[in-house]
Each structure stands twice: as structure tokens, then as C-alpha cells.
Protein chains: 2
Amino acid sequence: MYIFDSRASTLALVLCVALVGGVAQAKDKAARPTMAELVKASGAADWRPLDSDNTLYLDLPQGRVVIELASTFAPKHVANIKALVREHYFDGLTILRSQDNYVVQWGDPDGKKEIKTARKTLPEEFTVKYAAGLPFTRLPDADGYAPQVGIANGFPAGRDPKTGRAWLAHCYGMVGAGRDNDADSGGGAELYVVTGHAPRHLDRNVTLVGRVMQGMELLSSLPRGTGPLGFYEKPEQQVPIRSIRLAADVPAEERSRLEVIRTDTPTYKAIVDAQRNRGGDWYKYAAGYIELCNVPIVVRAQKPQ
Amino acid sequence: MYIFDSRASTLALVLCVALVGGVAQAKDKAARPTMAELVKASGAADWRPLDSDNTLYLDLPQGRVVIELASTFAPKHVANIKALVREHYFDGLTILRSQDNYVVQWGDPDGKKEIKTARKTLPEEFTVKYAAGLPFTRLPDADGYAPQVGIANGFPAGRDPKTGRAWLAHCYGMVGAGRDNDADSGGGAELYVVTGHAPRHLDRNVTLVGRVMQGMELLSSLPRGTGPLGFYEKPEQQVPIRSIRLAADVPAEERSRLEVIRTDTPTYKAIVDAQRNRGGDWYKYAAGYIELCNVPIVVRAQKPQ
């Protein structure tokens, strides 16, 4: 199961199937391998399990959303979000906003819930120094929002050799910490996820803290709020949060065991290249380019031990 | 009312409001005007009404989706879609697919409905010659998928001076004609709309025929299909299409009277620049760049005559 961008390799079939209303038959005449073929041919070393100490479960009435935390890029925010989670701060709060082609957001609709052990606000973590071994599989593709772009252990990222700083990019599914006008007015008690075309102008303006790895459709298909900025106008439109838990704090049998494609391997390089120059019978024109937020991350159920 | 990207100018307030749970108060200390300010200050000459001969109404149980047709870029497909509409081909068919971060698609689930006066397939219209006065407000911003990008009378587009060809871009809300493996196997009887991050690798591979100008949220928030590629697995999950009509064929009192910002004016240039370098108190870092699919199109109810 691909969470992000199974799209790519399968589109040939998609539009075909839709048009003729039949069952897709891959012709396998591709001069180049497709992403699906490369994933199928991958080995165990091409995958990593999601780290239970770095994974959140957002449990909603509709199901579970699995979020990987970006502790390398936002260590203080991630630590604070874990503290909020462990004091059950989010439990019983709500998803209070769904703005079309933009974000879904959750937090305290009344702004009254006490924060006990965690901090209310933190200094911003918009960028980090990247000298110290920060993972970064650089893409050759040009980008208008960052001097260099790449994938940092699964996360889309930019960096600037002149400043020596790196930052996460606001791609679909990325999770960020809302803030007030002051840069240090956020802290993780209010979180949003990107549900539309990447609003990359937010890069370096908000602290990104993670990415949805499963269950994205539970957030992206929520009814759009009809109030200003997509806020729900009536309390009953809000979606209650049953709980947010760190995977490590959940009994083993209740965990979502997922593995993610490693992004620093030859297999991954081949996958990205397959997306850059699409194979198969359907494509008539290969872009020869891939934009950062179209680079796929592949997630699947972990094979039983 | 902004259909696309009110996002931009209002985000400062958004995250702020969300965090403090209060009512937004703009401080108006911006060194640069915001998009909202520029729209507010615009004059009548900055707007054009949607042309009723070039506008479709997709009427669903949930409400109406308004689509502007791109007759300059796909004249044969647009003419054929009008023929399909006028023989009521789409009425009673369904939305049969919703794939997360990709497309919603409609057509004939059984592939059995007769096409009477229209053509079943057409030669592709992936690109057009742009010498002959094709509207194109060029953006200075670099793009990885096209040598040059711009806005062609409201539509996001690319062009290549070497080939003299221009084409529409797969941005959020763009509508395309599904096809089989052969380039000339589409015709407009199966249509899809982009509901996620722009799949620009489809540019020059599919004939784009228009753009959703209102009601996009009715499509983008549909439950995702659980079958392969986001197809609905059960017929009852499909959304019935009440009708698709050309606006000109609808009684005057039932029309959705909308006007759209002109994209070849100084006002529009200022709006795009405001999005490129965000003003206001919230932004700490101005991108100095705007990616084609983040360029806003602004739609609002037409003022009474």
C-alpha cells in the first residue's frame, strides 16, 4: 500500500480503466521500470520500521492517523508534543478547521484547557544547522523555494549552502505547529496538516514537526468548514479527538506496524528516477524532472516477524 | 469570496486565531500590501464575468460545481464536451472515483451509455501553437516542468519558445479528459479534476479542458474510494450526477453569476507579487518566488447590474 503517490506509476491504468470501464491490464512494454515494479523488487534492506518512540497515533471516530515525528528538525517541539501527548492534553479536543486546498487543524476550540507539564510556547525551529550529519539525499531537480532540495530520512527538505541551514518543506501531509505573529509563539498544542497543493511559502515560517504516514484520507476528506479560513462554525461540526498517543505507550497489540521505504538507497534513487521519467505505455511525454512535493514516500504494513 | 488561495493573505490570522482561540485582528502594519487589500482596492475593469457559453454547471445532490472551459487550449474537446452536455450524456452518470491527493473522476461506470451526437474520441490537444495571440501573462518564476510559465486568461500554463507550443498545467482544480493508452483515445466523456498536489508530470500527456471556479470543495471532500486507484467499490458509494449543463442553456434566474479577476492587468501583477513576497506581521521570511500552481485565481459573485 502506498500512502503517497502510488498515483504516479498507476496513472496509465487509471485513466484507461476509467475510460473503458474495464479491468486494467498492464502491458509491461515499458522501456523503463515503473515505481510499482521497483517497489515490488525491493529487498528488506530497502525498508525501515517506524520508530515507536517517534510515532504518534491520532485516534478519531473515523479511524487512526499515524504521524512520524521529525525529531531531527524540530527536537524541542517534538519533545514538547510528546509531553503534551503524555499528559493527554489532546484527548477530547477537536479538529476545528478544514480549509479547502490548504490545511486541517486541531487543538483546543475554547483555548481553556490547562497545559500541565509541557510548555505553552517554544523558540521557533524553522531551520536547523545541517553540518552535523543531517541526513539529506539531495535531488538534482531545481526548486524555486530553496537553493537545494532533498529527502531527509523520508521528509521533504530544503537547504542553503550559504547559510548552512536546512528546513522541512510544506508538502502534502506535512504536520506543523501553529503560531501567533511572534516566531516563538508556537509550541505544538495547535497542530495542522497540509491537505492541498504545497503552500511552500510557509517554509521557514512555521516549525514543521512531522508527516502523516497513514490515514491521511481521514483528514483530507473532512467536510470543509464554512466559517472564515475554513473553521467549523458550529461545535457539532468539529471532529472529536479520542486520543493522541505515542506508539511506544500503546500496548503492542494495538500498534500500527508500518515500514517506510529508506530514502538513502539505490532502490530509492531508482524509484525517484522512475517518477521523473515515467515508463509504461501510457506516458507520451516524460517530464525529466520531479518537483520536491511529488517525490513519493512509500509506506506499507510491516511483514510479520 | 476567494475560491483558490485566499489562503495566502489570511494565514497570518489563521494560525494566530487557531492558537489563541480568539477573534482575528489584523494589525495592518504590513510594509507590503496583501492580496486581500489589493482585491478590495480593485476596480470594475479588473474583473470579467464568466462567459455563459464557456461555463458548465455540474449539479450534484451536494450542490453545484462551476467549471470554466478552456476553449483556447482545447477547442475540439470543449466543442465535444458541449455536444455531450447538450445530448444530456452526463445526466444520471456518476462520480466513480476519488483518490487521495490526486483526482476525482466522473463518467459512465458501466461504459454502456450511448453517445449520440458527440464523438467518442478525438485527436489529442495536449499543446497548442501560441503564436496567434494566445493570452499569456508570463511569470518571471522558474519552473521545472516548463521552460516558461504564466497565466493564460486565468488558466495556469506552460510554453516552450523552442517549439512554439503552449499547454495547460495540472494545478489543483484543473479538469482533464481521461484517455486510454493511445493519445487520441480520449474525447471528454470521462472527466477528472485534480484534488491534490499538482501532478505536473501529466502536463502534455492529457488534454486539459477547464478549471473548477466554484464548488471545488464538493469534489475534494468526497470520501476516498477504497478500491484500487480510489475507485468506489460499491455502486452506492458513487455520487449521482443530476445534470451537467452549459450555463447559456440554463434559465437566467438559475445561473451562478460569477466574475473572475483578469490576469493581464497591473492589479493582477500586484496580487501575484503580494503572494510572492508576503506582507503582514506574520511572515518572517518572504519566499521571493511563487510556484505556478500557487498563483491565485480570484472568483466572486458578480455584482448586480
# chains A, B, ... in the order shown; residues from 1 in each chain; ligands from 1

call {"tool": "interface_residues", "arguments": {"of": "chain A", "to": "chain B", "cutoff": "6 Å", "atoms": "only C-alpha atoms", "output": "NGL selection string"}}
result
:A and (15-16 or 19 or 21 or 111 or 178-181 or 190 or 196-197 or 201 or 205 or 221-223 or 282 or 284 or 287)

call {"tool": "write_last_selection", "arguments": {"atoms": "N, CA and C atoms", "output": "mmCIF file, in the first residue's frame"}}
result
data_model
loop_
_atom_site.group_PDB
_atom_site.id
_atom_site.type_symbol
_atom_site.label_atom_id
_atom_site.label_comp_id
_atom_site.auth_asym_id
_atom_site.auth_seq_id
_atom_site.Cartn_x
_atom_site.Cartn_y
_atom_site.Cartn_z
ATOM 1 N N LEU A 15 -6.542 6.190 -15.917
ATOM 2 C CA LEU A 15 -7.367 6.892 -16.889
ATOM 3 C C LEU A 15 -7.900 5.906 -17.907
ATOM 4 N N CYS A 16 -7.115 4.907 -18.159
ATOM 5 C CA CYS A 16 -7.524 3.860 -19.080
ATOM 6 C C CYS A 16 -8.740 3.125 -18.558
ATOM 7 N N LEU A 19 -11.887 5.120 -18.544
ATOM 8 C CA LEU A 19 -12.477 5.394 -19.835
ATOM 9 C C LEU A 19 -13.223 4.191 -20.392
ATOM 10 N N GLY A 21 -13.964 1.478 -18.606
ATOM 11 C CA GLY A 21 -14.808 0.848 -17.606
ATOM 12 C C GLY A 21 -14.480 -0.610 -17.384
ATOM 13 N N GLY A 111 -9.706 27.279 23.936
ATOM 14 C CA GLY A 111 -8.467 27.873 24.445
ATOM 15 C C GLY A 111 -8.369 27.865 25.958
ATOM 16 N N GLY A 178 1.067 25.441 14.739
ATOM 17 C CA GLY A 178 0.521 26.788 14.567
ATOM 18 C C GLY A 178 1.165 27.768 15.527
ATOM 19 N N ARG A 179 1.228 29.001 15.082
ATOM 20 C CA ARG A 179 1.781 30.037 15.960
ATOM 21 C C ARG A 179 1.046 31.348 15.738
ATOM 22 N N ASP A 180 1.264 32.258 16.675
ATOM 23 C CA ASP A 180 0.758 33.625 16.588
ATOM 24 C C ASP A 180 1.760 34.448 15.777
ATOM 25 N N ASN A 181 1.643 35.742 15.779
ATOM 26 C CA ASN A 181 2.551 36.559 14.975
ATOM 27 C C ASN A 181 4.017 36.420 15.392
ATOM 28 N N GLU A 190 -1.233 23.370 19.120
ATOM 29 C CA GLU A 190 -2.141 23.560 17.981
ATOM 30 C C GLU A 190 -1.409 23.021 16.764
ATOM 31 N N GLY A 196 -3.648 20.222 0.814
ATOM 32 C CA GLY A 196 -3.809 20.685 -0.564
ATOM 33 C C GLY A 196 -2.476 20.844 -1.255
ATOM 34 N N HIS A 197 -2.500 21.637 -2.328
ATOM 35 C CA HIS A 197 -1.249 21.902 -3.028
ATOM 36 C C HIS A 197 -0.253 22.558 -2.069
ATOM 37 N N HIS A 201 5.341 28.656 0.556
ATOM 38 C CA HIS A 201 5.654 29.973 1.124
ATOM 39 C C HIS A 201 5.651 29.932 2.653
ATOM 40 N N ASN A 205 8.774 29.588 7.887
ATOM 41 C CA ASN A 205 7.899 30.489 8.633
ATOM 42 C C ASN A 205 7.153 29.772 9.760
ATOM 43 N N SER A 221 -10.430 14.345 3.642
ATOM 44 C CA SER A 221 -11.803 14.280 3.126
ATOM 45 C C SER A 221 -12.822 14.840 4.115
ATOM 46 N N LEU A 222 -12.366 15.428 5.196
ATOM 47 C CA LEU A 222 -13.325 16.032 6.131
ATOM 48 C C LEU A 222 -14.082 17.162 5.432
ATOM 49 N N PRO A 223 -15.349 17.342 5.770
ATOM 50 C CA PRO A 223 -16.091 18.458 5.183
ATOM 51 C C PRO A 223 -15.350 19.764 5.436
ATOM 52 N N TRP A 282 1.560 4.385 -21.260
ATOM 53 C CA TRP A 282 0.615 5.493 -21.238
ATOM 54 C C TRP A 282 1.258 6.854 -21.491
ATOM 55 N N LYS A 284 3.274 9.818 -22.915
ATOM 56 C CA LYS A 284 3.770 10.236 -24.226
ATOM 57 C C LYS A 284 4.908 11.223 -24.073
ATOM 58 N N ALA A 287 8.591 14.037 -18.127
ATOM 59 C CA ALA A 287 8.935 15.374 -17.654
ATOM 60 C C ALA A 287 10.446 15.559 -17.508
#

call {"tool": "closest_atom_pairs", "arguments": {"of": "region 70-189 of chain B", "to": "region 247-271 of chain B", "cutoff": "7 Å", "atoms": "only C-alpha atoms", "output": "CSV"}}
result
residue,atom,partner,partner_atom,distance
B:Thr137,CA,B:Asp264,CA,5.9
B:Ile151,CA,B:Thr263,CA,6.7
B:Asn153,CA,B:Thr263,CA,5.8
B:Gly154,CA,B:Thr263,CA,5.8

call {"tool": "write_last_selection", "arguments": {"atoms": "C-alpha atoms", "output": "JSON list (two decimals), in the first residue's frame"}}
result
[["chain", "number", "residue", "atom", "x", "y", "z"],
["B", 137, "THR", "CA", 0.85, 36.68, -18.75],
["B", 151, "ILE", "CA", -1.38, 32.62, -16.67],
["B", 153, "ASN", "CA", -6.61, 34.30, -19.28],
["B", 154, "GLY", "CA", -7.00, 32.69, -15.85]]

call {"tool": "select_by_dssp", "arguments": {"residues": "region 22-214 of chain B", "states": "alpha helix (DSSP H)", "output": "count of residues only"}}
result
18

call {"tool": "select_by_dssp", "arguments": {"residues": "region 76-220 of chain B", "states": "strand (DSSP E)", "output": "VMD selection string"}}
result
chain B and resid 94 to 98 103 to 107 128 to 129 137 to 138 148 to 152 155 to 160 165 to 168 174 to 177 191 to 194 207 to 214

call {"tool": "atom_distance", "arguments": {"atom1": "CA of Pro61 (chain B)", "atom2": "CA of Ile241 (chain B)"}}
result
7.6 Å

call {"tool": "residues_around", "arguments": {"residues": "Leu69 (chain A)", "least_positions_apart": "6", "cutoff": "6 Å", "atoms": "only C-alpha atoms", "output": "list in words"}}
result
Asn54, Thr55, Val209 and Gly210 of chain A

call {"tool": "residues_around", "arguments": {"residues": "Val128 (chain A)", "least_positions_apart": "3", "cutoff": "9 Å", "atoms": "only C-alpha atoms", "output": "VMD selection string"}}
result
chain A and resid 72 to 74 125 164 to 167

call {"tool": "closest_residue", "arguments": {"among": "B:Ala274, B:Leu58, B:Leu208, B:Ala41", "to": "Pro296 (chain B)", "atoms": "only C-alpha atoms"}}
result
B:Ala274

call {"tool": "residues_around", "arguments": {"residues": "Arg245 (chain B)", "least_positions_apart": "4", "cutoff": "10 Å", "atoms": "only C-alpha atoms", "output": "list of chain:residue names"}}
result
B:Thr55, B:Leu56, B:Tyr57, B:Leu58, B:Asp59, B:Val66, B:Lys82, B:Leu84, B:Val85, B:Arg86, B:Glu87, B:His88, B:Phe90, B:Asp91, B:Asp249, B:Val250

call {"tool": "atom_distance", "arguments": {"atom1": "CA of Thr207 (chain A)", "atom2": "CA of Ile115 (chain A)"}}
result
19.7 Å

call {"tool": "atom_distance", "arguments": {"atom1": "CA of Met35 (chain A)", "atom2": "CA of Arg64 (chain A)"}}
result
26.8 Å

call {"tool": "decode", "arguments": {"residues": "region 271-286 of chain B", "atoms": "N, CA and C atoms", "output": "mmCIF file, in the first residue's frame"}}
result
data_model
loop_
_atom_site.group_PDB
_atom_site.id
_atom_site.type_symbol
_atom_site.label_atom_id
_atom_site.label_comp_id
_atom_site.auth_asym_id
_atom_site.auth_seq_id
_atom_site.Cartn_x
_atom_site.Cartn_y
_atom_site.Cartn_z
ATOM 1 N N ILE B 271 -1.138 41.533 -7.305
ATOM 2 C CA ILE B 271 -1.633 40.433 -6.467
ATOM 3 C C ILE B 271 -0.627 39.284 -6.449
ATOM 4 N N VAL B 272 -0.145 38.929 -7.626
ATOM 5 C CA VAL B 272 0.820 37.824 -7.677
ATOM 6 C C VAL B 272 2.092 38.200 -6.917
ATOM 7 N N ASP B 273 2.500 39.445 -7.050
ATOM 8 C CA ASP B 273 3.703 39.859 -6.337
ATOM 9 C C ASP B 273 3.486 39.856 -4.821
ATOM 10 N N ALA B 274 2.268 40.178 -4.413
ATOM 11 C CA ALA B 274 1.950 40.133 -2.980
ATOM 12 C C ALA B 274 2.024 38.699 -2.459
ATOM 13 N N GLN B 275 1.724 37.753 -3.320
ATOM 14 C CA GLN B 275 1.802 36.346 -2.925
ATOM 15 C C GLN B 275 3.257 35.844 -2.971
ATOM 16 N N ARG B 276 4.023 36.469 -3.802
ATOM 17 C CA ARG B 276 5.431 36.083 -3.938
ATOM 18 C C ARG B 276 6.243 36.579 -2.742
ATOM 19 N N ASN B 277 5.921 37.750 -2.274
ATOM 20 C CA ASN B 277 6.602 38.353 -1.118
ATOM 21 C C ASN B 277 5.531 38.782 -0.126
ATOM 22 N N ARG B 278 5.220 37.870 0.773
ATOM 23 C CA ARG B 278 4.083 38.087 1.645
ATOM 24 C C ARG B 278 4.309 39.237 2.622
ATOM 25 N N GLY B 279 3.312 40.108 2.704
ATOM 26 C CA GLY B 279 3.368 41.186 3.669
ATOM 27 C C GLY B 279 2.704 40.785 4.972
ATOM 28 N N GLY B 280 2.449 41.743 5.810
ATOM 29 C CA GLY B 280 1.775 41.486 7.071
ATOM 30 C C GLY B 280 2.763 41.164 8.168
ATOM 31 N N ASP B 281 2.243 41.064 9.375
ATOM 32 C CA ASP B 281 3.099 40.861 10.554
ATOM 33 C C ASP B 281 3.515 39.421 10.744
ATOM 34 N N TRP B 282 2.789 38.511 10.124
ATOM 35 C CA TRP B 282 3.006 37.108 10.448
ATOM 36 C C TRP B 282 4.255 36.534 9.779
ATOM 37 N N TYR B 283 4.464 36.858 8.516
ATOM 38 C CA TYR B 283 5.563 36.232 7.777
ATOM 39 C C TYR B 283 6.915 36.749 8.254
ATOM 40 N N LYS B 284 7.814 35.824 8.514
ATOM 41 C CA LYS B 284 9.179 36.176 8.935
ATOM 42 C C LYS B 284 10.143 36.046 7.776
ATOM 43 N N TYR B 285 9.711 35.275 6.777
ATOM 44 C CA TYR B 285 10.580 35.005 5.642
ATOM 45 C C TYR B 285 9.730 35.097 4.385
ATOM 46 N N ALA B 286 10.099 35.954 3.453
ATOM 47 C CA ALA B 286 9.361 36.069 2.194
ATOM 48 C C ALA B 286 10.061 35.235 1.133
#
